[in-house]
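K.L.:
Provided herewith: my_file27.pdb, PDB, C-alpha atoms.
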```pdb
ATOM      1  CA  MET A 241     167.801 146.158 150.422
ATOM      2  CA  THR A 242     165.495 144.391 147.973
ATOM      3  CA  LEU A 243     168.236 141.931 147.007
ATOM      4  CA  LYS A 244     168.995 141.163 150.660
ATOM      5  CA  ILE A 245     165.276 140.591 151.289
ATOM      6  CA  VAL A 246     164.913 138.240 148.312
ATOM      7  CA  ILE A 247     167.993 136.275 149.365
ATOM      8  CA  ALA A 248     166.780 135.972 152.984
ATOM      9  CA  VAL A 249     163.327 134.678 151.949
ATOM     10  CA  LEU A 250     164.669 132.301 149.260
ATOM     11  CA  LEU A 251     167.374 130.977 151.568
ATOM     12  CA  GLY A 252     164.648 130.330 154.153
ATOM     13  CA  ILE A 253     162.389 128.503 151.682
ATOM     14  CA  VAL A 254     165.234 126.348 150.324
ATOM     15  CA  SER A 255     166.684 125.450 153.731
ATOM     16  CA  GLY A 256     163.172 124.835 155.096
ATOM     17  CA  TYR A 257     162.453 122.444 152.247
ATOM     18  CA  TYR A 258     165.793 120.604 152.054
ATOM     19  CA  VAL A 259     167.998 121.148 155.084
ATOM     20  CA  LEU A 260     166.406 122.034 158.393
ATOM     21  CA  PRO A 261     164.745 119.425 160.657
ATOM     22  CA  LYS A 262     160.947 119.593 160.863
ATOM     23  CA  ASP A 263     161.018 120.207 164.647
ATOM     24  CA  ILE A 264     161.938 123.795 163.941
ATOM     25  CA  LEU A 265     158.378 124.358 162.776
ATOM     26  CA  ASN A 266     157.270 124.089 166.428
ATOM     27  CA  TYR A 267     159.422 127.086 167.257
ATOM     28  CA  ALA A 268     159.026 129.061 164.025
ATOM     29  CA  ASP A 269     155.833 130.804 165.158
ATOM     30  CA  TYR A 270     157.406 131.826 168.485
ATOM     31  CA  ILE A 271     160.511 133.123 166.725
ATOM     32  CA  ILE A 272     158.384 135.063 164.240
ATOM     33  CA  ASP A 273     156.203 136.502 167.022
ATOM     34  CA  PHE A 274     159.193 137.540 169.105
ATOM     35  CA  GLY A 275     161.093 138.970 166.118
ATOM     36  CA  LEU A 276     158.023 140.855 164.967
ATOM     37  CA  MET A 277     157.441 142.429 168.373
ATOM     38  CA  LEU A 278     161.091 143.449 168.612
ATOM     39  CA  LEU A 279     160.886 145.069 165.177
ATOM     40  CA  LEU A 280     157.617 146.838 166.008
ATOM     41  CA  PHE A 281     159.302 148.177 169.140
ATOM     42  CA  PHE A 282     162.036 149.643 166.912
ATOM     43  CA  VAL A 283     159.417 151.116 164.594
ATOM     44  CA  GLY A 284     158.005 152.782 167.720
ATOM     45  CA  ILE A 285     161.407 154.206 168.675
ATOM     46  CA  ASP A 286     161.807 155.625 165.156
ATOM     47  CA  ILE A 287     158.408 157.288 165.413
ATOM     48  CA  GLY A 288     159.250 158.641 168.882
ATOM     49  CA  LEU A 289     162.493 160.158 167.610
ATOM     50  CA  ASN A 290     160.585 162.185 165.015
ATOM     51  CA  LYS A 291     158.308 164.331 167.103
ATOM     52  CA  SER A 292     156.903 166.211 164.109
ATOM     53  CA  VAL A 293     155.193 163.043 162.867
ATOM     54  CA  PHE A 294     151.952 163.587 164.741
ATOM     55  CA  SER A 295     151.463 167.169 163.653
ATOM     56  CA  ARG A 296     152.069 166.178 160.028
ATOM     57  CA  ILE A 297     149.557 163.340 160.277
ATOM     58  CA  LYS A 298     147.087 165.636 162.001
ATOM     59  CA  ALA A 299     147.413 168.028 159.064
ATOM     60  CA  LYS A 300     146.369 165.268 156.687
ATOM     61  CA  GLY A 301     143.573 164.301 159.096
ATOM     62  CA  ILE A 302     140.754 162.053 158.040
ATOM     63  CA  LYS A 303     142.136 161.953 154.504
ATOM     64  CA  ILE A 304     144.627 159.230 155.425
ATOM     65  CA  LEU A 305     141.652 156.846 155.651
ATOM     66  CA  LEU A 306     141.551 157.090 151.861
ATOM     67  CA  VAL A 307     144.698 154.934 151.748
ATOM     68  CA  PRO A 308     143.066 151.723 153.100
ATOM     69  CA  ILE A 309     139.925 152.450 151.058
ATOM     70  CA  ALA A 310     142.008 152.752 147.875
ATOM     71  CA  ILE A 311     143.869 149.535 148.717
ATOM     72  CA  ILE A 312     140.620 147.634 149.300
ATOM     73  CA  ILE A 313     138.944 148.888 146.117
ATOM     74  CA  GLY A 314     142.163 148.404 144.133
ATOM     75  CA  SER A 315     142.642 144.846 145.402
ATOM     76  CA  ILE A 316     139.090 143.772 144.583
ATOM     77  CA  THR A 317     139.198 145.476 141.160
ATOM     78  CA  GLY A 318     142.566 143.886 140.365
ATOM     79  CA  SER A 319     141.492 140.395 141.369
ATOM     80  CA  ALA A 320     138.220 140.764 139.433
ATOM     81  CA  ILE A 321     140.195 141.646 136.283
ATOM     82  CA  ALA A 322     142.550 138.697 136.894
ATOM     83  CA  GLY A 323     139.383 136.616 137.297
ATOM     84  CA  ILE A 324     138.318 137.544 133.758
ATOM     85  CA  ILE A 325     141.663 136.224 132.467
ATOM     86  CA  LEU A 326     141.445 133.056 134.588
ATOM     87  CA  LYS A 327     137.708 132.608 133.809
ATOM     88  CA  LEU A 328     136.586 132.908 137.421
ATOM     89  CA  PRO A 329     133.235 134.512 138.312
ATOM     90  CA  PHE A 330     133.397 137.958 139.969
ATOM     91  CA  ASN A 331     132.397 136.761 143.436
ATOM     92  CA  GLU A 332     135.137 134.093 143.541
ATOM     93  CA  ALA A 333     137.926 136.252 142.120
ATOM     94  CA  GLY A 334     136.883 139.298 144.162
ATOM     95  CA  ALA A 335     136.859 137.294 147.405
ATOM     96  CA  ILE A 336     140.510 136.330 146.823
ATOM     97  CA  GLY A 337     141.484 139.983 146.336
ATOM     98  CA  ALA A 338     139.529 140.924 149.451
ATOM     99  CA  GLY A 339     141.910 138.672 151.415
ATOM    100  CA  LEU A 340     144.291 141.677 151.289
ATOM    101  CA  GLY A 341     147.339 139.482 151.932
ATOM    102  CA  TRP A 342     145.949 137.839 155.057
ATOM    103  CA  TYR A 343     146.306 134.324 153.665
ATOM    104  CA  SER A 344     145.383 132.244 156.709
ATOM    105  CA  LEU A 345     142.073 133.949 157.387
ATOM    106  CA  SER A 346     140.986 134.413 153.766
ATOM    107  CA  SER A 347     141.539 130.733 152.970
ATOM    108  CA  ILE A 348     139.603 129.687 156.091
ATOM    109  CA  LEU A 349     136.712 131.994 155.192
ATOM    110  CA  ILE A 350     136.537 130.512 151.685
ATOM    111  CA  ALA A 351     137.057 126.845 152.753
ATOM    112  CA  SER A 352     133.351 126.149 153.324
ATOM    113  CA  TYR A 353     132.557 127.502 149.833
ATOM    114  CA  SER A 354     135.142 125.517 147.864
ATOM    115  CA  ASN A 355     138.427 123.800 148.686
ATOM    116  CA  GLU A 356     139.955 124.646 145.325
ATOM    117  CA  LEU A 357     139.160 128.330 145.667
ATOM    118  CA  SER A 358     140.416 128.262 149.251
ATOM    119  CA  ALA A 359     143.790 126.895 148.067
ATOM    120  CA  LEU A 360     143.977 129.568 145.359
ATOM    121  CA  ALA A 361     143.153 132.257 147.941
ATOM    122  CA  PHE A 362     145.840 130.908 150.244
ATOM    123  CA  ILE A 363     148.609 130.731 147.660
ATOM    124  CA  SER A 364     147.824 134.027 145.951
ATOM    125  CA  ASN A 365     147.729 135.842 149.285
ATOM    126  CA  VAL A 366     151.031 134.197 150.292
ATOM    127  CA  ILE A 367     152.444 135.444 146.975
ATOM    128  CA  ARG A 368     150.961 138.872 147.688
ATOM    129  CA  GLU A 369     152.879 139.019 150.958
ATOM    130  CA  LEU A 370     156.068 137.908 149.193
ATOM    131  CA  ILE A 371     155.544 140.511 146.449
ATOM    132  CA  ALA A 372     154.972 143.119 149.167
ATOM    133  CA  ILE A 373     158.140 142.197 151.065
ATOM    134  CA  ILE A 374     160.204 142.353 147.874
ATOM    135  CA  THR A 375     158.684 145.392 146.155
ATOM    136  CA  ILE A 376     158.081 147.816 149.050
ATOM    137  CA  PRO A 377     161.646 149.237 148.987
ATOM    138  CA  LEU A 378     161.486 149.528 145.177
ATOM    139  CA  ILE A 379     158.090 151.254 145.136
ATOM    140  CA  ALA A 380     159.213 153.652 147.879
ATOM    141  CA  LYS A 381     162.186 154.628 145.762
ATOM    142  CA  LYS A 382     160.638 154.721 142.285
ATOM    143  CA  ILE A 383     156.957 155.643 142.768
ATOM    144  CA  GLY A 384     156.392 157.126 146.208
ATOM    145  CA  PHE A 385     156.221 156.532 149.942
ATOM    146  CA  VAL A 386     152.422 156.359 150.282
ATOM    147  CA  GLU A 387     152.212 153.940 147.352
ATOM    148  CA  ALA A 388     154.701 151.650 149.131
ATOM    149  CA  ILE A 389     151.940 150.807 151.643
ATOM    150  CA  ALA A 390     149.672 149.457 148.863
ATOM    151  CA  PRO A 391     151.118 145.966 148.268
ATOM    152  CA  ALA A 392     151.135 145.231 152.024
ATOM    153  CA  GLY A 393     147.344 145.411 152.545
ATOM    154  CA  ALA A 394     146.432 143.859 155.889
ATOM    155  CA  THR A 395     150.075 142.999 156.616
ATOM    156  CA  ALA A 396     150.930 146.722 156.810
ATOM    157  CA  MET A 397     150.279 146.550 160.562
ATOM    158  CA  ASP A 398     152.572 143.574 161.248
ATOM    159  CA  THR A 399     154.948 141.648 158.974
ATOM    160  CA  SER A 400     155.353 144.353 156.308
ATOM    161  CA  LEU A 401     155.509 147.282 158.749
ATOM    162  CA  PRO A 402     159.233 146.991 159.599
ATOM    163  CA  ILE A 403     160.037 147.007 155.873
ATOM    164  CA  ILE A 404     157.792 150.003 155.186
ATOM    165  CA  SER A 405     159.314 151.829 158.162
ATOM    166  CA  LYS A 406     162.825 151.137 156.886
ATOM    167  CA  ALA A 407     162.067 152.076 153.263
ATOM    168  CA  THR A 408     160.073 155.272 154.019
ATOM    169  CA  ASP A 409     159.802 157.476 157.121
ATOM    170  CA  SER A 410     158.036 157.531 160.490
ATOM    171  CA  GLU A 411     155.015 159.400 159.156
ATOM    172  CA  ILE A 412     154.377 156.767 156.495
ATOM    173  CA  ALA A 413     155.039 153.987 159.061
ATOM    174  CA  LEU A 414     152.252 155.371 161.233
ATOM    175  CA  ILE A 415     149.871 155.695 158.262
ATOM    176  CA  ALA A 416     150.833 152.115 157.305
ATOM    177  CA  PHE A 417     149.927 150.800 160.758
ATOM    178  CA  ILE A 418     146.528 152.507 160.649
ATOM    179  CA  THR A 419     145.989 151.248 157.090
ATOM    180  CA  GLY A 420     146.953 147.689 158.051
ATOM    181  CA  ALA A 421     144.622 147.731 161.055
ATOM    182  CA  ILE A 422     141.647 148.901 158.950
ATOM    183  CA  CYS A 423     142.413 146.311 156.247
ATOM    184  CA  THR A 424     142.687 143.609 158.924
ATOM    185  CA  PHE A 425     139.214 144.414 160.206
ATOM    186  CA  ALA A 426     137.842 144.601 156.658
ATOM    187  CA  VAL A 427     138.945 141.086 155.586
ATOM    188  CA  PRO A 428     136.490 139.004 157.684
ATOM    189  CA  VAL A 429     133.641 141.306 156.600
ATOM    190  CA  LEU A 430     134.479 141.675 152.902
ATOM    191  CA  VAL A 431     135.462 138.115 151.956
ATOM    192  CA  PRO A 432     132.115 136.476 152.902
ATOM    193  CA  PHE A 433     130.187 139.494 151.562
ATOM    194  CA  ILE A 434     131.784 139.347 148.097
ATOM    195  CA  LEU A 435     131.641 135.554 148.001
ATOM    196  CA  ASN A 436     127.852 135.716 148.480
ATOM    197  CA  LEU A 437     127.232 138.297 145.761
TER
ATOM    198  CA  MET B 221     142.773 139.622 166.239
ATOM    199  CA  THR B 222     141.736 142.623 168.322
ATOM    200  CA  THR B 223     144.101 141.581 171.135
ATOM    201  CA  ARG B 224     146.940 141.357 168.590
ATOM    202  CA  LEU B 225     146.124 144.824 167.279
ATOM    203  CA  PHE B 226     146.297 146.299 170.776
ATOM    204  CA  LEU B 227     149.416 144.284 171.607
ATOM    205  CA  TYR B 228     151.211 145.633 168.521
ATOM    206  CA  LEU B 229     149.911 149.130 169.172
ATOM    207  CA  GLY B 230     151.084 148.902 172.795
ATOM    208  CA  ILE B 231     154.566 147.822 171.731
ATOM    209  CA  ILE B 232     154.837 150.624 169.171
ATOM    210  CA  VAL B 233     153.632 153.200 171.727
ATOM    211  CA  LEU B 234     156.150 151.889 174.280
ATOM    212  CA  GLY B 235     158.943 152.201 171.708
ATOM    213  CA  GLY B 236     157.649 155.651 170.779
ATOM    214  CA  LEU B 237     157.718 156.851 174.381
ATOM    215  CA  ILE B 238     161.272 155.595 174.818
ATOM    216  CA  GLY B 239     162.311 157.199 171.522
ATOM    217  CA  ALA B 240     160.731 160.516 172.481
ATOM    218  CA  ARG B 241     161.700 160.691 176.178
ATOM    219  CA  ALA B 242     164.990 158.866 176.628
ATOM    220  CA  LYS B 243     168.111 160.693 175.568
ATOM    221  CA  LEU B 244     169.397 158.254 172.984
ATOM    222  CA  LYS B 245     172.906 158.799 171.713
ATOM    223  CA  GLU B 246     173.451 159.379 167.996
ATOM    224  CA  ASN B 247     175.817 156.411 167.917
ATOM    225  CA  PHE B 248     173.228 154.131 169.497
ATOM    226  CA  ILE B 249     170.579 155.200 166.990
ATOM    227  CA  LYS B 250     172.916 154.402 164.111
ATOM    228  CA  ARG B 251     173.698 150.983 165.522
ATOM    229  CA  LEU B 252     170.009 150.400 166.119
ATOM    230  CA  GLY B 253     169.486 150.756 162.360
ATOM    231  CA  SER B 254     171.862 147.936 161.470
ATOM    232  CA  PHE B 255     170.514 145.749 164.284
ATOM    233  CA  GLN B 256     167.021 146.377 162.912
ATOM    234  CA  THR B 257     168.103 145.258 159.427
ATOM    235  CA  ALA B 258     169.685 142.099 160.853
ATOM    236  CA  CYS B 259     166.501 141.251 162.807
ATOM    237  CA  LEU B 260     164.349 141.918 159.756
ATOM    238  CA  LEU B 261     166.398 139.660 157.486
ATOM    239  CA  PHE B 262     166.384 136.921 160.117
ATOM    240  CA  LEU B 263     162.603 137.220 160.475
ATOM    241  CA  LEU B 264     162.158 136.975 156.703
ATOM    242  CA  PHE B 265     164.446 133.929 156.661
ATOM    243  CA  ILE B 266     162.283 132.180 159.272
ATOM    244  CA  MET B 267     159.126 133.117 157.332
ATOM    245  CA  GLY B 268     160.745 131.489 154.296
ATOM    246  CA  VAL B 269     161.580 128.391 156.359
ATOM    247  CA  LYS B 270     157.930 128.120 157.360
ATOM    248  CA  ILE B 271     156.815 128.254 153.733
ATOM    249  CA  GLY B 272     159.526 125.788 152.639
ATOM    250  CA  MET B 273     158.557 123.236 155.293
ATOM    251  CA  ASP B 274     154.871 123.248 154.423
ATOM    252  CA  GLU B 275     154.646 120.547 151.762
ATOM    253  CA  LYS B 276     151.024 121.397 151.017
ATOM    254  CA  VAL B 277     152.041 124.957 150.211
ATOM    255  CA  ILE B 278     154.990 123.879 148.054
ATOM    256  CA  ASN B 279     152.859 121.344 146.157
ATOM    257  CA  SER B 280     150.036 123.804 145.496
ATOM    258  CA  PHE B 281     152.657 126.348 144.430
ATOM    259  CA  LEU B 282     153.605 123.963 141.645
ATOM    260  CA  SER B 283     150.033 123.205 140.551
ATOM    261  CA  ILE B 284     148.174 126.529 140.926
ATOM    262  CA  GLY B 285     151.166 128.825 141.317
ATOM    263  CA  LEU B 286     150.809 130.508 137.940
ATOM    264  CA  ASN B 287     147.120 131.325 138.432
ATOM    265  CA  ALA B 288     147.870 132.559 141.945
ATOM    266  CA  LEU B 289     150.740 134.676 140.633
ATOM    267  CA  ILE B 290     148.487 136.308 138.003
ATOM    268  CA  MET B 291     145.906 136.941 140.729
ATOM    269  CA  SER B 292     148.384 138.573 143.101
ATOM    270  CA  ILE B 293     150.132 140.671 140.451
ATOM    271  CA  PHE B 294     146.801 142.243 139.412
ATOM    272  CA  THR B 295     145.712 142.668 143.033
ATOM    273  CA  VAL B 296     148.933 144.403 144.024
ATOM    274  CA  GLY B 297     149.124 146.378 140.760
ATOM    275  CA  PHE B 298     145.667 147.891 141.102
ATOM    276  CA  SER B 299     146.200 148.612 144.811
ATOM    277  CA  ILE B 300     149.234 150.686 143.854
ATOM    278  CA  ILE B 301     147.367 152.451 141.020
ATOM    279  CA  PHE B 302     144.418 153.383 143.279
ATOM    280  CA  VAL B 303     146.678 154.629 146.089
ATOM    281  CA  TYR B 304     148.685 156.598 143.501
ATOM    282  CA  ILE B 305     145.484 158.265 142.287
ATOM    283  CA  ILE B 306     144.182 159.247 145.748
ATOM    284  CA  ASN B 307     147.664 160.400 146.715
ATOM    285  CA  LYS B 308     147.787 162.711 143.685
ATOM    286  CA  LEU B 309     144.198 163.923 144.102
ATOM    287  CA  CYS B 310     143.789 164.236 147.868
ATOM    288  CA  LEU B 311     146.986 163.798 149.837
ATOM    289  CA  GLY B 312     149.080 166.408 148.092
ATOM    290  CA  GLY B 313     150.967 163.857 146.029
ATOM    291  CA  LYS B 314     154.403 164.560 147.362
ATOM    292  CA  GLU B 315     156.894 161.979 148.675
TER
END
```
Starting from the file, lay out its structure as structure tokens.
P.N.:
Amino acid sequence: MTLKIVIAVLLGIVSGYYVLPKDILNYADYIIDFGLMLLLFFVGIDIGLNKSVFSRIKAKGIKILLVPIAIIIGSITGSAIAGIILKLPFNEAGAIGAGLGWYSLSSILIASYSNELSALAFISNVIRELIAIITIPLIAKKIGFVEAIAPAGATAMDTSLPIISKATDSEIALIAFITGAICTFAVPVLVPFILNL
Amino acid sequence: MTTRLFLYLGIIVLGGLIGARAKLKENFIKRLGSFQTACLLFLLFIMGVKIGMDEKVINSFLSIGLNALIMSIFTVGFSIIFVYIINKLCLGGKE
């Protein structure tokens, strides 16, 4: 699956850069929106087919909220450590990590602070989404299902969710959606907060 | 953002209800899996197209790509480590 995913994304990037006419860009967002909704509908069907999902999630209860919390703390810690290597102050590096893969919003939130940092936030969060798309099936296989949610961050409720659902099971897909939703709400709060530290 | 969340949630719930209530044939479910994979790969292709067509993105990839890559590897790496730890400590650690 990972190989197929890498090929699909690379083929898209190459044909977008060299081959396809620019007009397609006008439709790309509609195609992505439609495709995403179709895939989320399938994720729903998968969850519906496994009726035991809800009781298993209920058994874990409030503890599943630890997953988004761990992702948020892990992301900020990781970016702060990368910041030491790249000689960026904590507030700047941490703000990039707090983007949690939501590249459009995190770069907009940082734009008024610095254009350079905004570009870095954009690209590194784009790369985060790419890393997520590619590594989720691998992490699910080699490390564990819950851990497979981690690279996705805020995208666990939309673009990464179909991949998580395919690589794990319905229970993890539901936890991923909840995690993605919490991360999504955290980004606009955390990025400005850390930037102003 | 909130409307999107509820839209996605609504779609998943709708799919869930159909999955739980409708009597779906085994054969159909199997075929659904391959259709799902095809849709997913197509979606990823289009996402790639979007990135490839954005010259600003491609140009900044070349100039700050390495720094951004270091940033994202650490961000993703520590996210996995922290989730691994709470999974072992609090969520039973299986799966």
K.L.:
Between CA of Leu279 in chain A and CA of Ser255 in chain A, what distance in Å does the model show, to one decimal?
P.N.:
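Computing the Euclidean distance for CA of Leu279 in chain A and CA of Ser255 in chain A yields 23.4 Å.
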K.L.:
Just the number, please: distance in Å from CA of Val307 in chain A to CA of Cys259 in chain B, one decimal.
P.N.:
28.0 Å
K.L.:
Quick one: of B:Glu246, B:Lys308, B:Ile232, B:Thr257, who's nearest to chain A, counting all atoms listed in the file?
P.N.:
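Nearest to chain A: B:Ile232.
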K.L.:
Do you have the CA of Ala310 in chain A-CA of Asn307 in chain B distance handy?
P.N.:
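So the two atoms, CA of Ala310 in chain A and CA of Asn307 in chain B, lie 9.6 Å apart.
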K.L.:
Written as an mmCIF file with C-alpha atoms, keeping the file's coordinate frame, what is the full residue list that the ChimeraX specification (/A :<8) & /B yields on the file shown?
P.N.:
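Just written: selection-v4.cif:
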```cif
data_model
loop_
_atom_site.group_PDB
_atom_site.id
_atom_site.type_symbol
_atom_site.label_atom_id
_atom_site.label_comp_id
_atom_site.auth_asym_id
_atom_site.auth_seq_id
_atom_site.Cartn_x
_atom_site.Cartn_y
_atom_site.Cartn_z
ATOM 1 C CA LEU B 225 146.124 144.824 167.279
ATOM 2 C CA TYR B 228 151.211 145.633 168.521
ATOM 3 C CA ILE B 231 154.566 147.822 171.731
ATOM 4 C CA ILE B 232 154.837 150.624 169.171
ATOM 5 C CA VAL B 233 153.632 153.200 171.727
ATOM 6 C CA LEU B 234 156.150 151.889 174.280
ATOM 7 C CA GLY B 235 158.943 152.201 171.708
ATOM 8 C CA GLY B 236 157.649 155.651 170.779
ATOM 9 C CA LEU B 237 157.718 156.851 174.381
ATOM 10 C CA ILE B 238 161.272 155.595 174.818
ATOM 11 C CA GLY B 239 162.311 157.199 171.522
ATOM 12 C CA ALA B 240 160.731 160.516 172.481
ATOM 13 C CA ARG B 241 161.700 160.691 176.178
ATOM 14 C CA GLN B 256 167.021 146.377 162.912
ATOM 15 C CA CYS B 259 166.501 141.251 162.807
ATOM 16 C CA LEU B 260 164.349 141.918 159.756
ATOM 17 C CA LEU B 261 166.398 139.660 157.486
ATOM 18 C CA PHE B 262 166.384 136.921 160.117
ATOM 19 C CA LEU B 263 162.603 137.220 160.475
ATOM 20 C CA LEU B 264 162.158 136.975 156.703
ATOM 21 C CA PHE B 265 164.446 133.929 156.661
ATOM 22 C CA ILE B 266 162.283 132.180 159.272
ATOM 23 C CA MET B 267 159.126 133.117 157.332
ATOM 24 C CA GLY B 268 160.745 131.489 154.296
ATOM 25 C CA VAL B 269 161.580 128.391 156.359
ATOM 26 C CA LYS B 270 157.930 128.120 157.360
ATOM 27 C CA ILE B 271 156.815 128.254 153.733
ATOM 28 C CA GLY B 272 159.526 125.788 152.639
ATOM 29 C CA MET B 273 158.557 123.236 155.293
ATOM 30 C CA ASP B 274 154.871 123.248 154.423
ATOM 31 C CA VAL B 277 152.041 124.957 150.211
ATOM 32 C CA SER B 280 150.036 123.804 145.496
ATOM 33 C CA PHE B 281 152.657 126.348 144.430
ATOM 34 C CA ILE B 284 148.174 126.529 140.926
ATOM 35 C CA GLY B 285 151.166 128.825 141.317
ATOM 36 C CA ASN B 287 147.120 131.325 138.432
ATOM 37 C CA ALA B 288 147.870 132.559 141.945
ATOM 38 C CA LEU B 289 150.740 134.676 140.633
ATOM 39 C CA ILE B 290 148.487 136.308 138.003
ATOM 40 C CA MET B 291 145.906 136.941 140.729
ATOM 41 C CA SER B 292 148.384 138.573 143.101
ATOM 42 C CA ILE B 293 150.132 140.671 140.451
ATOM 43 C CA PHE B 294 146.801 142.243 139.412
ATOM 44 C CA THR B 295 145.712 142.668 143.033
ATOM 45 C CA VAL B 296 148.933 144.403 144.024
ATOM 46 C CA GLY B 297 149.124 146.378 140.760
ATOM 47 C CA PHE B 298 145.667 147.891 141.102
ATOM 48 C CA SER B 299 146.200 148.612 144.811
ATOM 49 C CA ILE B 300 149.234 150.686 143.854
ATOM 50 C CA ILE B 301 147.367 152.451 141.020
ATOM 51 C CA PHE B 302 144.418 153.383 143.279
ATOM 52 C CA VAL B 303 146.678 154.629 146.089
ATOM 53 C CA TYR B 304 148.685 156.598 143.501
ATOM 54 C CA ILE B 306 144.182 159.247 145.748
ATOM 55 C CA ASN B 307 147.664 160.400 146.715
ATOM 56 C CA CYS B 310 143.789 164.236 147.868
ATOM 57 C CA LEU B 311 146.986 163.798 149.837
ATOM 58 C CA LYS B 314 154.403 164.560 147.362
ATOM 59 C CA GLU B 315 156.894 161.979 148.675
#
```
K.L.:
Taking all listed atoms of range 282-298 of chain B, build the axis-aligned box, pad each of the six sides by 6 Å, then write its centre and edge lengths in Å to one decimal as lines of an AutoDock Vina configuration file.
P.N.:
```
center_x = 149.6
center_y = 135.5
center_z = 141.0
size_x = 19.9
size_y = 36.7
size_z = 18.1
```
K.L.:
With distances taken over all atoms listed in the file, which of A:Ile374, A:Ala416, A:Leu435, A:Ala426 is nearest to Ser358 in chain A?
P.N.:
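Of the candidates, the smallest distance to Ser358 in chain A is held by A:Leu435.
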K.L.:
Identify the residues within 8 Å of coordinate (132.4, 134.3, 155.8) (same frame as the file), considering all atoms listed in the file, and give the answer as an NGL selection string.
P.N.:
:A and (349-350 or 428-429 or 431-433 or 435)
K.L.:
Given the choices A:Lys382, A:Asn436, A:Ile376, A:Leu401, which gets closest to Thr242 in chain A if the distance is worked out from only C-alpha atoms?
P.N.:
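Using only C-alpha atoms, the shortest distance to Thr242 in chain A belongs to A:Ile376.
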K.L.:
Restricted to N, CA and C atoms, what does range 244-259 of chain B look like when written out as an mmCIF file, in the first residue's frame?
P.N.:
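Heads up, here's the output in result28.cif:
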```cif
data_model
loop_
_atom_site.group_PDB
_atom_site.id
_atom_site.type_symbol
_atom_site.label_atom_id
_atom_site.label_comp_id
_atom_site.auth_asym_id
_atom_site.auth_seq_id
_atom_site.Cartn_x
_atom_site.Cartn_y
_atom_site.Cartn_z
ATOM 1 N N LEU B 244 -25.885 -5.488 3.713
ATOM 2 C CA LEU B 244 -24.927 -5.452 2.616
ATOM 3 C C LEU B 244 -24.365 -6.844 2.377
ATOM 4 N N LYS B 245 -24.302 -7.205 1.103
ATOM 5 C CA LYS B 245 -23.786 -8.533 0.765
ATOM 6 C C LYS B 245 -22.272 -8.567 0.924
ATOM 7 N N GLU B 246 -21.790 -9.733 1.319
ATOM 8 C CA GLU B 246 -20.346 -9.967 1.515
ATOM 9 C C GLU B 246 -19.549 -9.517 0.283
ATOM 10 N N ASN B 247 -20.080 -9.934 -0.879
ATOM 11 C CA ASN B 247 -19.445 -9.628 -2.157
ATOM 12 C C ASN B 247 -19.295 -8.120 -2.376
ATOM 13 N N PHE B 248 -20.386 -7.405 -2.033
ATOM 14 C CA PHE B 248 -20.410 -5.959 -2.197
ATOM 15 C C PHE B 248 -19.370 -5.302 -1.288
ATOM 16 N N ILE B 249 -19.270 -5.813 -0.059
ATOM 17 C CA ILE B 249 -18.320 -5.251 0.897
ATOM 18 C C ILE B 249 -16.889 -5.423 0.401
ATOM 19 N N LYS B 250 -16.629 -6.619 -0.181
ATOM 20 C CA LYS B 250 -15.293 -6.865 -0.721
ATOM 21 C C LYS B 250 -14.978 -5.903 -1.855
ATOM 22 N N ARG B 251 -15.959 -5.717 -2.740
ATOM 23 C CA ARG B 251 -15.736 -4.836 -3.880
ATOM 24 C C ARG B 251 -15.577 -3.389 -3.419
ATOM 25 N N LEU B 252 -16.308 -3.066 -2.355
ATOM 26 C CA LEU B 252 -16.221 -1.718 -1.794
ATOM 27 C C LEU B 252 -14.783 -1.402 -1.394
ATOM 28 N N GLY B 253 -14.091 -2.416 -0.857
ATOM 29 C CA GLY B 253 -12.699 -2.249 -0.435
ATOM 30 C C GLY B 253 -11.802 -1.837 -1.585
ATOM 31 N N SER B 254 -11.922 -2.512 -2.725
ATOM 32 C CA SER B 254 -11.055 -2.161 -3.853
ATOM 33 C C SER B 254 -11.444 -0.813 -4.451
ATOM 34 N N PHE B 255 -12.754 -0.513 -4.446
ATOM 35 C CA PHE B 255 -13.212 0.782 -4.950
ATOM 36 C C PHE B 255 -12.654 1.909 -4.080
ATOM 37 N N GLN B 256 -12.645 1.643 -2.755
ATOM 38 C CA GLN B 256 -12.115 2.588 -1.786
ATOM 39 C C GLN B 256 -10.643 2.885 -2.071
ATOM 40 N N THR B 257 -9.864 1.812 -2.312
ATOM 41 C CA THR B 257 -8.440 1.976 -2.617
ATOM 42 C C THR B 257 -8.258 2.809 -3.879
ATOM 43 N N ALA B 258 -9.061 2.517 -4.912
ATOM 44 C CA ALA B 258 -8.953 3.263 -6.166
ATOM 45 C C ALA B 258 -9.240 4.746 -5.939
ATOM 46 N N CYS B 259 -10.310 5.046 -5.191
ATOM 47 C CA CYS B 259 -10.668 6.441 -4.886
ATOM 48 C C CYS B 259 -9.543 7.125 -4.132
#
```
